[in-house]
Amino acid sequence: MRVEEITNQNSSTVMESNPSSPMPTPPLSMGSPIVYRMTENEFGSTFKLLSQTCQLRELQTIIREKMTSRGDFKFYADRLIRLVIEDSLNQLPFRPCRVTTPTGAAYDGVKFEKGNCGVSIVRSGEAMEQGLRDCCRSIRIGKILVESDLETHEARVVYARFPEDISKRKVILMYPIMSSGNTVNKAVRVLKDHQVMEENIVLANLFCTPHAVHSILSKFPNIKILTSEVHPIAPNHFGQKYFGTD
C-alpha cells in the first residue's frame with residue numbers, strides 16, 4: 001500500500017489497481033489530493049475491486065463533488081449501486097440448467113441456486129435495497145441497525161431482523177461507506193451469531209478505506225468484499241445527501 005500527495009501535474013490523481021492502465025490526469029487545483037495505490041493482492045483473494053473504467057470513475061467523481069445537486073447525487077449513486085449489486089450477484093452460486101427456446105431448441109444455461117437474501121445496515125445501507133430488488137425481484141431483505149456509543153465510540157447493535165432461515169442462506173450485506181470498518185464488523189458478528197457462515201457473506205460496498213478493509217478481513221478472513229473504490233478518505237456525507245437530510 002502507498003499513500004502520497006501529488007506534487008506535479010504528471011502525477012496520477014486516481015487510485016490505480018493496475019498501474020499499466022493509467023487514467024487521464026486532471027489539472028491540479030485547490031491543493032494536492034491524496035492518492036492511494038493498492039499493491040497487488042494487498043487484501044487477498046476474498047477482496048474484489050470493480051474494474052476502474054472511466055464511466056465508474058465519473059460516477060465516483062460526481063458523488064464526491066460537493067456542488068453536486070441532490071437530484072444528480074441520487075441518480076448517479078443509484079447507477080453506481082446497480083453496478084456494485086450486479087457484480088455482487090456474480091459472487092453467489094449458480095447451477096447449470098437446460099431450457100427450451102421458442103423455436104423448440106434446447107439451450108444450456110445457468111440459474112441462481114436458491115437460498116439467497118440481502119441484509120442492509122441501516123440507514124445508509126437501505127439506499128442499496130432498491131438496486132438489489134431491481135435485480136432480484138422477490139429476494140428477501142433483512143436489516144441491522146448499528147449505532148456508535150457517543151462516549152466510547154464503540155458500535156452496538158440496536159435492532160436486527162432477518163429471515164428465519166438465514167443460517168441456510170447466502171447473504172449480500174449492503175453498506176455503502178466504510179471508514180473504520182467497526183459497523184460492518186459488528187453486523188457480521190451478529191450474522192455469525194445467527195449461524196451464518198462467514199464464506200456465505202458477500203459485503204457489497206461503494207467506497208471504503210484501506211483501514212476498513214484490513215479491519216474486517218483481519219477478523220473475518222473468509223468474508224467476500226466487493227467495492228468500487230479504496231481510498232484513504234471516504235465520502236461520509238453519502239447517507240445524508242442520498243436521503244436529503246444534509
# chains A, B, ... in the order shown; residues from 1 in each chain; ligands from 1
>>> residues_around(residues="Asn185 in chain A", least_positions_apart="6", cutoff="12 Å", atoms="only C-alpha atoms", output="PDB file with all heavy atoms, in the first residue's frame")
ATOM      1  N   ILE A 121     -27.482  -2.575   6.309  1.00  0.00           N
ATOM      2  CA  ILE A 121     -27.122  -1.954   7.578  1.00  0.00           C
ATOM      3  C   ILE A 121     -27.742  -0.562   7.568  1.00  0.00           C
ATOM      4  O   ILE A 121     -27.374   0.298   6.768  1.00  0.00           O
ATOM      5  CB  ILE A 121     -25.601  -1.886   7.764  1.00  0.00           C
ATOM      6  CG1 ILE A 121     -24.991  -3.302   7.708  1.00  0.00           C
ATOM      7  CG2 ILE A 121     -25.255  -1.221   9.090  1.00  0.00           C
ATOM      8  CD1 ILE A 121     -23.482  -3.328   7.813  1.00  0.00           C
ATOM      9  N   ILE A 144     -30.166  -4.531   9.833  1.00  0.00           N
ATOM     10  CA  ILE A 144     -29.425  -4.396  11.087  1.00  0.00           C
ATOM     11  C   ILE A 144     -29.224  -2.912  11.341  1.00  0.00           C
ATOM     12  O   ILE A 144     -28.802  -2.175  10.448  1.00  0.00           O
ATOM     13  CB  ILE A 144     -28.042  -5.086  11.029  1.00  0.00           C
ATOM     14  CG1 ILE A 144     -28.154  -6.569  10.706  1.00  0.00           C
ATOM     15  CG2 ILE A 144     -27.302  -4.899  12.356  1.00  0.00           C
ATOM     16  CD1 ILE A 144     -26.801  -7.251  10.578  1.00  0.00           C
ATOM     17  N   VAL A 146     -27.007  -0.479  13.586  1.00  0.00           N
ATOM     18  CA  VAL A 146     -25.831  -0.402  14.455  1.00  0.00           C
ATOM     19  C   VAL A 146     -25.559   1.066  14.753  1.00  0.00           C
ATOM     20  O   VAL A 146     -25.485   1.885  13.833  1.00  0.00           O
ATOM     21  CB  VAL A 146     -24.593  -1.042  13.790  1.00  0.00           C
ATOM     22  CG1 VAL A 146     -23.381  -0.931  14.706  1.00  0.00           C
ATOM     23  CG2 VAL A 146     -24.871  -2.500  13.432  1.00  0.00           C
ATOM     24  N   GLU A 154     -17.844   2.982  20.491  1.00  0.00           N
ATOM     25  CA  GLU A 154     -17.964   1.567  20.134  1.00  0.00           C
ATOM     26  C   GLU A 154     -19.302   1.309  19.450  1.00  0.00           C
ATOM     27  O   GLU A 154     -20.330   1.887  19.816  1.00  0.00           O
ATOM     28  CB  GLU A 154     -17.847   0.689  21.384  1.00  0.00           C
ATOM     29  CG  GLU A 154     -16.439   0.540  21.903  1.00  0.00           C
ATOM     30  CD  GLU A 154     -16.345  -0.548  22.955  1.00  0.00           C
ATOM     31  OE1 GLU A 154     -17.278  -1.384  23.026  1.00  0.00           O
ATOM     32  OE2 GLU A 154     -15.355  -0.574  23.689  1.00  0.00           O
ATOM     33  N   ALA A 155     -19.280   0.432  18.435  1.00  0.00           N
ATOM     34  CA  ALA A 155     -20.506   0.102  17.713  1.00  0.00           C
ATOM     35  C   ALA A 155     -21.327  -0.885  18.540  1.00  0.00           C
ATOM     36  O   ALA A 155     -20.782  -1.808  19.157  1.00  0.00           O
ATOM     37  CB  ALA A 155     -20.175  -0.502  16.349  1.00  0.00           C
ATOM     38  N   ARG A 156     -22.646  -0.672  18.574  1.00  0.00           N
ATOM     39  CA  ARG A 156     -23.521  -1.610  19.271  1.00  0.00           C
ATOM     40  C   ARG A 156     -24.778  -1.830  18.433  1.00  0.00           C
ATOM     41  O   ARG A 156     -25.255  -0.928  17.744  1.00  0.00           O
ATOM     42  CB  ARG A 156     -23.899  -1.081  20.653  1.00  0.00           C
ATOM     43  CG  ARG A 156     -24.641   0.235  20.648  1.00  0.00           C
ATOM     44  CD  ARG A 156     -24.846   0.772  22.054  1.00  0.00           C
ATOM     45  NE  ARG A 156     -25.592   2.037  22.055  1.00  0.00           N
ATOM     46  CZ  ARG A 156     -26.904   2.119  22.114  1.00  0.00           C
ATOM     47  NH1 ARG A 156     -27.626   1.006  22.194  1.00  0.00           N
ATOM     48  NH2 ARG A 156     -27.522   3.290  22.098  1.00  0.00           N
ATOM     49  N   VAL A 157     -25.297  -3.031  18.475  1.00  0.00           N
ATOM     50  CA  VAL A 157     -26.470  -3.395  17.686  1.00  0.00           C
ATOM     51  C   VAL A 157     -27.725  -2.965  18.435  1.00  0.00           C
ATOM     52  O   VAL A 157     -27.924  -3.318  19.601  1.00  0.00           O
ATOM     53  CB  VAL A 157     -26.508  -4.909  17.404  1.00  0.00           C
ATOM     54  CG1 VAL A 157     -27.790  -5.289  16.659  1.00  0.00           C
ATOM     55  CG2 VAL A 157     -25.290  -5.313  16.597  1.00  0.00           C
ATOM     56  N   LEU A 173     -24.591  -8.496   2.170  1.00  0.00           N
ATOM     57  CA  LEU A 173     -24.622  -7.475   3.216  1.00  0.00           C
ATOM     58  C   LEU A 173     -24.339  -6.126   2.562  1.00  0.00           C
ATOM     59  O   LEU A 173     -23.297  -5.949   1.924  1.00  0.00           O
ATOM     60  CB  LEU A 173     -23.580  -7.797   4.285  1.00  0.00           C
ATOM     61  CG  LEU A 173     -23.486  -6.854   5.481  1.00  0.00           C
ATOM     62  CD1 LEU A 173     -24.789  -6.834   6.278  1.00  0.00           C
ATOM     63  CD2 LEU A 173     -22.314  -7.260   6.376  1.00  0.00           C
ATOM     64  N   TYR A 175     -23.714  -2.075   2.604  1.00  0.00           N
ATOM     65  CA  TYR A 175     -23.296  -0.907   3.374  1.00  0.00           C
ATOM     66  C   TYR A 175     -22.403  -0.058   2.471  1.00  0.00           C
ATOM     67  O   TYR A 175     -21.308  -0.491   2.098  1.00  0.00           O
ATOM     68  CB  TYR A 175     -22.550  -1.339   4.634  1.00  0.00           C
ATOM     69  CG  TYR A 175     -22.417  -0.232   5.663  1.00  0.00           C
ATOM     70  CD1 TYR A 175     -23.544   0.412   6.169  1.00  0.00           C
ATOM     71  CD2 TYR A 175     -21.172   0.147   6.142  1.00  0.00           C
ATOM     72  CE1 TYR A 175     -23.432   1.411   7.124  1.00  0.00           C
ATOM     73  CE2 TYR A 175     -21.044   1.145   7.108  1.00  0.00           C
ATOM     74  CZ  TYR A 175     -22.172   1.769   7.593  1.00  0.00           C
ATOM     75  OH  TYR A 175     -22.063   2.759   8.543  1.00  0.00           O
ATOM     76  N   MET A 178     -17.524   2.732   4.144  1.00  0.00           N
ATOM     77  CA  MET A 178     -16.782   2.144   5.268  1.00  0.00           C
ATOM     78  C   MET A 178     -15.528   2.965   5.528  1.00  0.00           C
ATOM     79  O   MET A 178     -14.641   3.034   4.673  1.00  0.00           O
ATOM     80  CB  MET A 178     -16.398   0.696   4.969  1.00  0.00           C
ATOM     81  CG  MET A 178     -17.559  -0.229   4.757  1.00  0.00           C
ATOM     82  SD  MET A 178     -17.087  -1.970   4.772  1.00  0.00           S
ATOM     83  CE  MET A 178     -15.828  -2.030   3.490  1.00  0.00           C
ATOM     84  N   SER A 179     -15.475   3.599   6.701  1.00  0.00           N
ATOM     85  CA  SER A 179     -14.292   4.370   7.091  1.00  0.00           C
ATOM     86  C   SER A 179     -13.412   3.584   8.049  1.00  0.00           C
ATOM     87  O   SER A 179     -12.215   3.430   7.836  1.00  0.00           O
ATOM     88  CB  SER A 179     -14.709   5.693   7.730  1.00  0.00           C
ATOM     89  OG  SER A 179     -15.322   6.533   6.779  1.00  0.00           O
ATOM     90  N   LEU A 191     -24.538 -11.594  12.317  1.00  0.00           N
ATOM     91  CA  LEU A 191     -24.886 -12.641  11.353  1.00  0.00           C
ATOM     92  C   LEU A 191     -24.298 -13.987  11.777  1.00  0.00           C
ATOM     93  O   LEU A 191     -24.963 -15.024  11.702  1.00  0.00           O
ATOM     94  CB  LEU A 191     -24.394 -12.262   9.956  1.00  0.00           C
ATOM     95  CG  LEU A 191     -25.146 -11.117   9.261  1.00  0.00           C
ATOM     96  CD1 LEU A 191     -24.431 -10.712   7.970  1.00  0.00           C
ATOM     97  CD2 LEU A 191     -26.586 -11.530   8.947  1.00  0.00           C
ATOM     98  N   LYS A 192     -23.065 -13.973  12.239  1.00  0.00           N
ATOM     99  CA  LYS A 192     -22.442 -15.216  12.687  1.00  0.00           C
ATOM    100  C   LYS A 192     -23.131 -15.756  13.940  1.00  0.00           C
ATOM    101  O   LYS A 192     -23.247 -16.977  14.111  1.00  0.00           O
ATOM    102  CB  LYS A 192     -20.947 -15.004  12.939  1.00  0.00           C
ATOM    103  CG  LYS A 192     -20.146 -14.723  11.662  1.00  0.00           C
ATOM    104  CD  LYS A 192     -18.651 -14.817  11.894  1.00  0.00           C
ATOM    105  CE  LYS A 192     -18.208 -16.225  12.179  1.00  0.00           C
ATOM    106  NZ  LYS A 192     -16.754 -16.388  12.278  1.00  0.00           N
ATOM    107  N   GLU A 198     -19.289 -17.534   7.541  1.00  0.00           N
ATOM    108  CA  GLU A 198     -18.509 -16.408   7.026  1.00  0.00           C
ATOM    109  C   GLU A 198     -18.409 -16.429   5.508  1.00  0.00           C
ATOM    110  O   GLU A 198     -18.572 -15.399   4.839  1.00  0.00           O
ATOM    111  CB  GLU A 198     -17.101 -16.478   7.633  1.00  0.00           C
ATOM    112  CG  GLU A 198     -16.514 -15.159   8.034  1.00  0.00           C
ATOM    113  CD  GLU A 198     -15.213 -15.348   8.785  1.00  0.00           C
ATOM    114  OE1 GLU A 198     -15.271 -15.584  10.009  1.00  0.00           O
ATOM    115  OE2 GLU A 198     -14.148 -15.267   8.154  1.00  0.00           O
ATOM    116  N   LEU A 203     -20.070  -8.829   1.111  1.00  0.00           N
ATOM    117  CA  LEU A 203     -20.251  -7.434   1.502  1.00  0.00           C
ATOM    118  C   LEU A 203     -20.222  -6.560   0.249  1.00  0.00           C
ATOM    119  O   LEU A 203     -19.198  -6.459  -0.428  1.00  0.00           O
ATOM    120  CB  LEU A 203     -19.153  -7.005   2.470  1.00  0.00           C
ATOM    121  CG  LEU A 203     -19.108  -5.526   2.851  1.00  0.00           C
ATOM    122  CD1 LEU A 203     -20.410  -5.087   3.510  1.00  0.00           C
ATOM    123  CD2 LEU A 203     -17.928  -5.249   3.774  1.00  0.00           C
ATOM    124  N   ALA A 212     -10.397   0.136   6.768  1.00  0.00           N
ATOM    125  CA  ALA A 212     -11.641  -0.616   6.972  1.00  0.00           C
ATOM    126  C   ALA A 212     -11.520  -2.027   6.411  1.00  0.00           C
ATOM    127  O   ALA A 212     -11.954  -2.994   7.044  1.00  0.00           O
ATOM    128  CB  ALA A 212     -12.805   0.117   6.318  1.00  0.00           C
ATOM    129  N   VAL A 213     -10.935  -2.162   5.228  1.00  0.00           N
ATOM    130  CA  VAL A 213     -10.782  -3.487   4.622  1.00  0.00           C
ATOM    131  C   VAL A 213      -9.902  -4.372   5.493  1.00  0.00           C
ATOM    132  O   VAL A 213     -10.241  -5.534   5.777  1.00  0.00           O
ATOM    133  CB  VAL A 213     -10.193  -3.385   3.198  1.00  0.00           C
ATOM    134  CG1 VAL A 213     -10.063  -4.781   2.587  1.00  0.00           C
ATOM    135  CG2 VAL A 213     -11.078  -2.519   2.308  1.00  0.00           C
ATOM    136  N   HIS A 214      -8.766  -3.827   5.935  1.00  0.00           N
ATOM    137  CA  HIS A 214      -7.869  -4.605   6.791  1.00  0.00           C
ATOM    138  C   HIS A 214      -8.557  -4.998   8.099  1.00  0.00           C
ATOM    139  O   HIS A 214      -8.401  -6.125   8.581  1.00  0.00           O
ATOM    140  CB  HIS A 214      -6.600  -3.806   7.100  1.00  0.00           C
ATOM    141  CG  HIS A 214      -5.612  -3.768   5.960  1.00  0.00           C
ATOM    142  ND1 HIS A 214      -5.011  -4.902   5.457  1.00  0.00           N
ATOM    143  CD2 HIS A 214      -5.129  -2.726   5.233  1.00  0.00           C
ATOM    144  CE1 HIS A 214      -4.188  -4.572   4.473  1.00  0.00           C
ATOM    145  NE2 HIS A 214      -4.250  -3.263   4.320  1.00  0.00           N
ATOM    146  N   SER A 215      -9.326  -4.069   8.660  1.00  0.00           N
ATOM    147  CA  SER A 215     -10.011  -4.336   9.922  1.00  0.00           C
ATOM    148  C   SER A 215     -10.999  -5.488   9.783  1.00  0.00           C
ATOM    149  O   SER A 215     -11.047  -6.385  10.635  1.00  0.00           O
ATOM    150  CB  SER A 215     -10.742  -3.075  10.397  1.00  0.00           C
ATOM    151  OG  SER A 215     -11.536  -3.340  11.528  1.00  0.00           O
ATOM    152  N   ILE A 216     -11.769  -5.475   8.715  1.00  0.00           N
ATOM    153  CA  ILE A 216     -12.783  -6.517   8.520  1.00  0.00           C
ATOM    154  C   ILE A 216     -12.138  -7.868   8.219  1.00  0.00           C
ATOM    155  O   ILE A 216     -12.480  -8.889   8.824  1.00  0.00           O
ATOM    156  CB  ILE A 216     -13.743  -6.112   7.384  1.00  0.00           C
ATOM    157  CG1 ILE A 216     -14.544  -4.872   7.789  1.00  0.00           C
ATOM    158  CG2 ILE A 216     -14.688  -7.258   7.033  1.00  0.00           C
ATOM    159  CD1 ILE A 216     -15.248  -4.198   6.632  1.00  0.00           C
ATOM    160  N   LEU A 217     -11.190  -7.883   7.286  1.00  0.00           N
ATOM    161  CA  LEU A 217     -10.596  -9.157   6.881  1.00  0.00           C
ATOM    162  C   LEU A 217      -9.685  -9.748   7.955  1.00  0.00           C
ATOM    163  O   LEU A 217      -9.469 -10.961   7.981  1.00  0.00           O
ATOM    164  CB  LEU A 217      -9.827  -8.979   5.571  1.00  0.00           C
ATOM    165  CG  LEU A 217     -10.701  -8.709   4.339  1.00  0.00           C
ATOM    166  CD1 LEU A 217      -9.840  -8.540   3.087  1.00  0.00           C
ATOM    167  CD2 LEU A 217     -11.710  -9.843   4.131  1.00  0.00           C
ATOM    168  N   SER A 218      -9.168  -8.908   8.850  1.00  0.00           N
ATOM    169  CA  SER A 218      -8.356  -9.451   9.939  1.00  0.00           C
ATOM    170  C   SER A 218      -9.219 -10.232  10.924  1.00  0.00           C
ATOM    171  O   SER A 218      -8.751 -11.174  11.569  1.00  0.00           O
ATOM    172  CB  SER A 218      -7.621  -8.320  10.663  1.00  0.00           C
ATOM    173  OG  SER A 218      -8.539  -7.467  11.323  1.00  0.00           O
ATOM    174  N   LYS A 219     -10.491  -9.845  11.033  1.00  0.00           N
ATOM    175  CA  LYS A 219     -11.411 -10.531  11.939  1.00  0.00           C
ATOM    176  C   LYS A 219     -12.214 -11.623  11.239  1.00  0.00           C
ATOM    177  O   LYS A 219     -12.539 -12.649  11.832  1.00  0.00           O
ATOM    178  CB  LYS A 219     -12.372  -9.515  12.570  1.00  0.00           C
ATOM    179  CG  LYS A 219     -11.702  -8.483  13.461  1.00  0.00           C
ATOM    180  CD  LYS A 219     -12.698  -7.467  13.974  1.00  0.00           C
ATOM    181  CE  LYS A 219     -12.055  -6.474  14.934  1.00  0.00           C
ATOM    182  NZ  LYS A 219     -11.012  -5.654  14.273  1.00  0.00           N
ATOM    183  N   PHE A 220     -12.535 -11.391   9.981  1.00  0.00           N
ATOM    184  CA  PHE A 220     -13.372 -12.336   9.222  1.00  0.00           C
ATOM    185  C   PHE A 220     -12.723 -12.596   7.854  1.00  0.00           C
ATOM    186  O   PHE A 220     -13.160 -12.070   6.838  1.00  0.00           O
ATOM    187  CB  PHE A 220     -14.788 -11.774   9.049  1.00  0.00           C
ATOM    188  CG  PHE A 220     -15.416 -11.296  10.321  1.00  0.00           C
ATOM    189  CD1 PHE A 220     -15.575  -9.938  10.575  1.00  0.00           C
ATOM    190  CD2 PHE A 220     -15.842 -12.202  11.287  1.00  0.00           C
ATOM    191  CE1 PHE A 220     -16.156  -9.489  11.743  1.00  0.00           C
ATOM    192  CE2 PHE A 220     -16.410 -11.768  12.476  1.00  0.00           C
ATOM    193  CZ  PHE A 220     -16.568 -10.407  12.703  1.00  0.00           C
ATOM    194  N   PRO A 221     -11.666 -13.387   7.822  1.00  0.00           N
ATOM    195  CA  PRO A 221     -10.881 -13.551   6.589  1.00  0.00           C
ATOM    196  C   PRO A 221     -11.622 -14.249   5.455  1.00  0.00           C
ATOM    197  O   PRO A 221     -11.184 -14.167   4.303  1.00  0.00           O
ATOM    198  CB  PRO A 221      -9.681 -14.395   7.055  1.00  0.00           C
ATOM    199  CG  PRO A 221     -10.166 -15.092   8.284  1.00  0.00           C
ATOM    200  CD  PRO A 221     -11.107 -14.149   8.952  1.00  0.00           C
ATOM    201  N   ILE A 223     -14.893 -13.718   4.618  1.00  0.00           N
ATOM    202  CA  ILE A 223     -15.966 -12.921   4.043  1.00  0.00           C
ATOM    203  C   ILE A 223     -15.504 -12.356   2.698  1.00  0.00           C
ATOM    204  O   ILE A 223     -14.336 -12.035   2.507  1.00  0.00           O
ATOM    205  CB  ILE A 223     -16.372 -11.774   5.002  1.00  0.00           C
ATOM    206  CG1 ILE A 223     -17.636 -11.076   4.511  1.00  0.00           C
ATOM    207  CG2 ILE A 223     -15.261 -10.761   5.154  1.00  0.00           C
ATOM    208  CD1 ILE A 223     -18.140 -10.009   5.465  1.00  0.00           C
TER     209      ILE A 223
END
>>> select_by_dssp(residues="range 34-210 of chain A", states="helix (DSSP H, G or I)", output="ChimeraX atom specification")
/A:54-64,70-89,124-135,166-168,182-193,198-200,210
>>> closest_residue(among="A:Ser228, A:Gln195, A:Asn182, A:Ser51", to="Cys208 in chain A", atoms="only C-alpha atoms")
A:Ser228
>>> select_by_dssp(residues="range 122-206 of chain A", states="strand (DSSP E)", output="list in words")
Val122, Arg140, Ile141, Gly142, Lys143, Ile144, Leu145, Val146, Glu147, Ser148, Ala155, Arg156, Val157, Val158, Tyr159, Ala160, Arg161, Lys170, Val171, Ile172, Leu173, Met174, Ile177, Met178, Ile201, Val202, Leu203 and Ala204 of chain A
>>> write_last_selection(atoms="N, CA, C and O atoms", output="short mmCIF file (atom, residue, chain, number, x, y, z; two decimals), in the first residue's frame")
data_model
loop_
_atom_site.label_atom_id
_atom_site.label_comp_id
_atom_site.auth_asym_id
_atom_site.auth_seq_id
_atom_site.Cartn_x
_atom_site.Cartn_y
_atom_site.Cartn_z
N VAL A 122 -28.72 -0.35 8.44
CA VAL A 122 -29.49 0.89 8.48
C VAL A 122 -28.59 2.03 9.00
O VAL A 122 -27.76 1.80 9.88
N ARG A 140 -35.62 -11.71 -0.38
CA ARG A 140 -35.93 -11.26 0.97
C ARG A 140 -34.78 -10.40 1.51
O ARG A 140 -33.61 -10.71 1.26
N ILE A 141 -35.13 -9.34 2.23
CA ILE A 141 -34.12 -8.42 2.75
C ILE A 141 -34.33 -8.20 4.24
O ILE A 141 -35.42 -7.83 4.68
N GLY A 142 -33.29 -8.44 5.02
CA GLY A 142 -33.30 -8.16 6.45
C GLY A 142 -32.61 -6.85 6.74
O GLY A 142 -32.06 -6.19 5.85
N LYS A 143 -32.59 -6.46 8.01
CA LYS A 143 -31.99 -5.18 8.40
C LYS A 143 -31.24 -5.32 9.71
O LYS A 143 -31.62 -6.09 10.59
N ILE A 144 -30.17 -4.53 9.83
CA ILE A 144 -29.43 -4.40 11.09
C ILE A 144 -29.22 -2.91 11.34
O ILE A 144 -28.80 -2.17 10.45
N LEU A 145 -29.53 -2.47 12.56
CA LEU A 145 -29.24 -1.09 12.96
C LEU A 145 -28.11 -1.11 13.96
O LEU A 145 -28.22 -1.72 15.03
N VAL A 146 -27.01 -0.48 13.59
CA VAL A 146 -25.83 -0.40 14.45
C VAL A 146 -25.56 1.07 14.75
O VAL A 146 -25.49 1.89 13.83
N GLU A 147 -25.42 1.41 16.01
CA GLU A 147 -25.12 2.79 16.41
C GLU A 147 -23.82 2.83 17.19
O GLU A 147 -23.42 1.84 17.81
N SER A 148 -23.18 4.00 17.16
CA SER A 148 -21.94 4.19 17.91
C SER A 148 -22.24 4.86 19.24
O SER A 148 -23.01 5.83 19.30
N ALA A 155 -19.28 0.43 18.44
CA ALA A 155 -20.51 0.10 17.71
C ALA A 155 -21.33 -0.89 18.54
O ALA A 155 -20.78 -1.81 19.16
N ARG A 156 -22.65 -0.67 18.57
CA ARG A 156 -23.52 -1.61 19.27
C ARG A 156 -24.78 -1.83 18.43
O ARG A 156 -25.25 -0.93 17.74
N VAL A 157 -25.30 -3.03 18.48
CA VAL A 157 -26.47 -3.39 17.69
C VAL A 157 -27.73 -2.97 18.43
O VAL A 157 -27.92 -3.32 19.60
N VAL A 158 -28.57 -2.19 17.77
CA VAL A 158 -29.82 -1.71 18.35
C VAL A 158 -31.00 -2.56 17.89
O VAL A 158 -31.94 -2.82 18.64
N TYR A 159 -30.92 -3.04 16.65
CA TYR A 159 -32.06 -3.77 16.06
C TYR A 159 -31.54 -4.69 14.98
O TYR A 159 -30.61 -4.37 14.24
N ALA A 160 -32.13 -5.87 14.88
CA ALA A 160 -31.79 -6.83 13.82
C ALA A 160 -33.02 -7.65 13.48
O ALA A 160 -33.71 -8.15 14.38
N ARG A 161 -33.30 -7.76 12.19
CA ARG A 161 -34.44 -8.57 11.72
C ARG A 161 -34.00 -9.31 10.46
O ARG A 161 -33.61 -8.69 9.48
N LYS A 170 -27.21 -17.66 1.50
CA LYS A 170 -26.12 -16.77 1.13
C LYS A 170 -26.61 -15.35 1.33
O LYS A 170 -27.73 -15.01 0.97
N VAL A 171 -25.77 -14.50 1.93
CA VAL A 171 -26.20 -13.16 2.33
C VAL A 171 -25.39 -12.08 1.60
O VAL A 171 -24.16 -12.10 1.63
N ILE A 172 -26.11 -11.15 0.95
CA ILE A 172 -25.46 -9.94 0.43
C ILE A 172 -25.67 -8.85 1.49
O ILE A 172 -26.79 -8.37 1.70
N LEU A 173 -24.59 -8.50 2.17
CA LEU A 173 -24.62 -7.47 3.22
C LEU A 173 -24.34 -6.13 2.56
O LEU A 173 -23.30 -5.95 1.92
N MET A 174 -25.25 -5.17 2.70
CA MET A 174 -25.16 -3.90 1.97
C MET A 174 -24.82 -2.75 2.91
O MET A 174 -25.54 -2.48 3.87
N ILE A 177 -20.65 2.97 2.66
CA ILE A 177 -19.45 3.71 3.05
C ILE A 177 -18.80 3.05 4.26
O ILE A 177 -19.45 2.86 5.29
N MET A 178 -17.52 2.73 4.14
CA MET A 178 -16.78 2.14 5.27
C MET A 178 -15.53 2.96 5.53
O MET A 178 -14.64 3.03 4.67
N ILE A 201 -21.17 -14.87 3.24
CA ILE A 201 -21.46 -13.44 3.31
C ILE A 201 -20.69 -12.71 2.22
O ILE A 201 -19.47 -12.86 2.09
N VAL A 202 -21.41 -11.91 1.41
CA VAL A 202 -20.79 -11.04 0.41
C VAL A 202 -21.10 -9.61 0.81
O VAL A 202 -22.27 -9.20 0.88
N LEU A 203 -20.07 -8.83 1.11
CA LEU A 203 -20.25 -7.43 1.50
C LEU A 203 -20.22 -6.56 0.25
O LEU A 203 -19.20 -6.46 -0.43
N ALA A 204 -21.36 -5.92 -0.07
CA ALA A 204 -21.47 -5.02 -1.21
C ALA A 204 -21.27 -3.60 -0.71
O ALA A 204 -22.04 -3.10 0.10
#
>>> closest_residue(among="A:Leu80, A:Met38, A:Ile139, A:Val184", to="Asn116 in chain A", atoms="only C-alpha atoms")
A:Ile139
>>> residues_around(residues="Glu42 in chain A", least_positions_apart="2", cutoff="10 Å", atoms="only C-alpha atoms", output="list in words")
Met1, Met38, Thr39, Glu40, Gly44, Ser45, Phe47, Pro210 and His214 of chain A
>>> write_last_selection(atoms="N, CA, C and O atoms", output="mmCIF file, in the first residue's frame")
data_model
loop_
_atom_site.group_PDB
_atom_site.id
_atom_site.type_symbol
_atom_site.label_atom_id
_atom_site.label_comp_id
_atom_site.auth_asym_id
_atom_site.auth_seq_id
_atom_site.Cartn_x
_atom_site.Cartn_y
_atom_site.Cartn_z
ATOM 1 N N MET A 1 0.850 -1.186 0.000
ATOM 2 C CA MET A 1 0.000 0.000 0.000
ATOM 3 C C MET A 1 0.880 1.228 0.000
ATOM 4 O O MET A 1 1.903 1.280 0.667
ATOM 5 N N MET A 38 -3.153 0.759 -4.608
ATOM 6 C CA MET A 38 -3.278 -0.559 -3.988
ATOM 7 C C MET A 38 -2.233 -1.494 -4.569
ATOM 8 O O MET A 38 -2.105 -1.609 -5.793
ATOM 9 N N THR A 39 -1.477 -2.152 -3.706
ATOM 10 C CA THR A 39 -0.483 -3.094 -4.180
ATOM 11 C C THR A 39 -1.150 -4.407 -4.571
ATOM 12 O O THR A 39 -2.261 -4.717 -4.134
ATOM 13 N N GLU A 40 -0.479 -5.156 -5.408
ATOM 14 C CA GLU A 40 -1.055 -6.399 -5.914
ATOM 15 C C GLU A 40 -1.359 -7.363 -4.766
ATOM 16 O O GLU A 40 -0.537 -7.604 -3.898
ATOM 17 N N GLY A 44 -5.901 -9.875 -0.410
ATOM 18 C CA GLY A 44 -6.167 -11.298 -0.530
ATOM 19 C C GLY A 44 -7.245 -11.631 -1.550
ATOM 20 O O GLY A 44 -7.839 -10.762 -2.191
ATOM 21 N N SER A 45 -7.515 -12.912 -1.676
ATOM 22 C CA SER A 45 -8.384 -13.413 -2.747
ATOM 23 C C SER A 45 -9.870 -13.181 -2.497
ATOM 24 O O SER A 45 -10.677 -13.295 -3.416
ATOM 25 N N PHE A 47 -11.180 -10.366 -1.614
ATOM 26 C CA PHE A 47 -11.485 -8.963 -1.886
ATOM 27 C C PHE A 47 -11.531 -8.731 -3.395
ATOM 28 O O PHE A 47 -10.670 -9.198 -4.135
ATOM 29 N N PRO A 210 -8.609 1.798 3.124
ATOM 30 C CA PRO A 210 -7.758 0.614 3.329
ATOM 31 C C PRO A 210 -7.847 0.088 4.755
ATOM 32 O O PRO A 210 -7.861 -1.120 4.978
ATOM 33 N N HIS A 214 -8.766 -3.827 5.935
ATOM 34 C CA HIS A 214 -7.869 -4.605 6.791
ATOM 35 C C HIS A 214 -8.557 -4.998 8.099
ATOM 36 O O HIS A 214 -8.401 -6.125 8.581
#
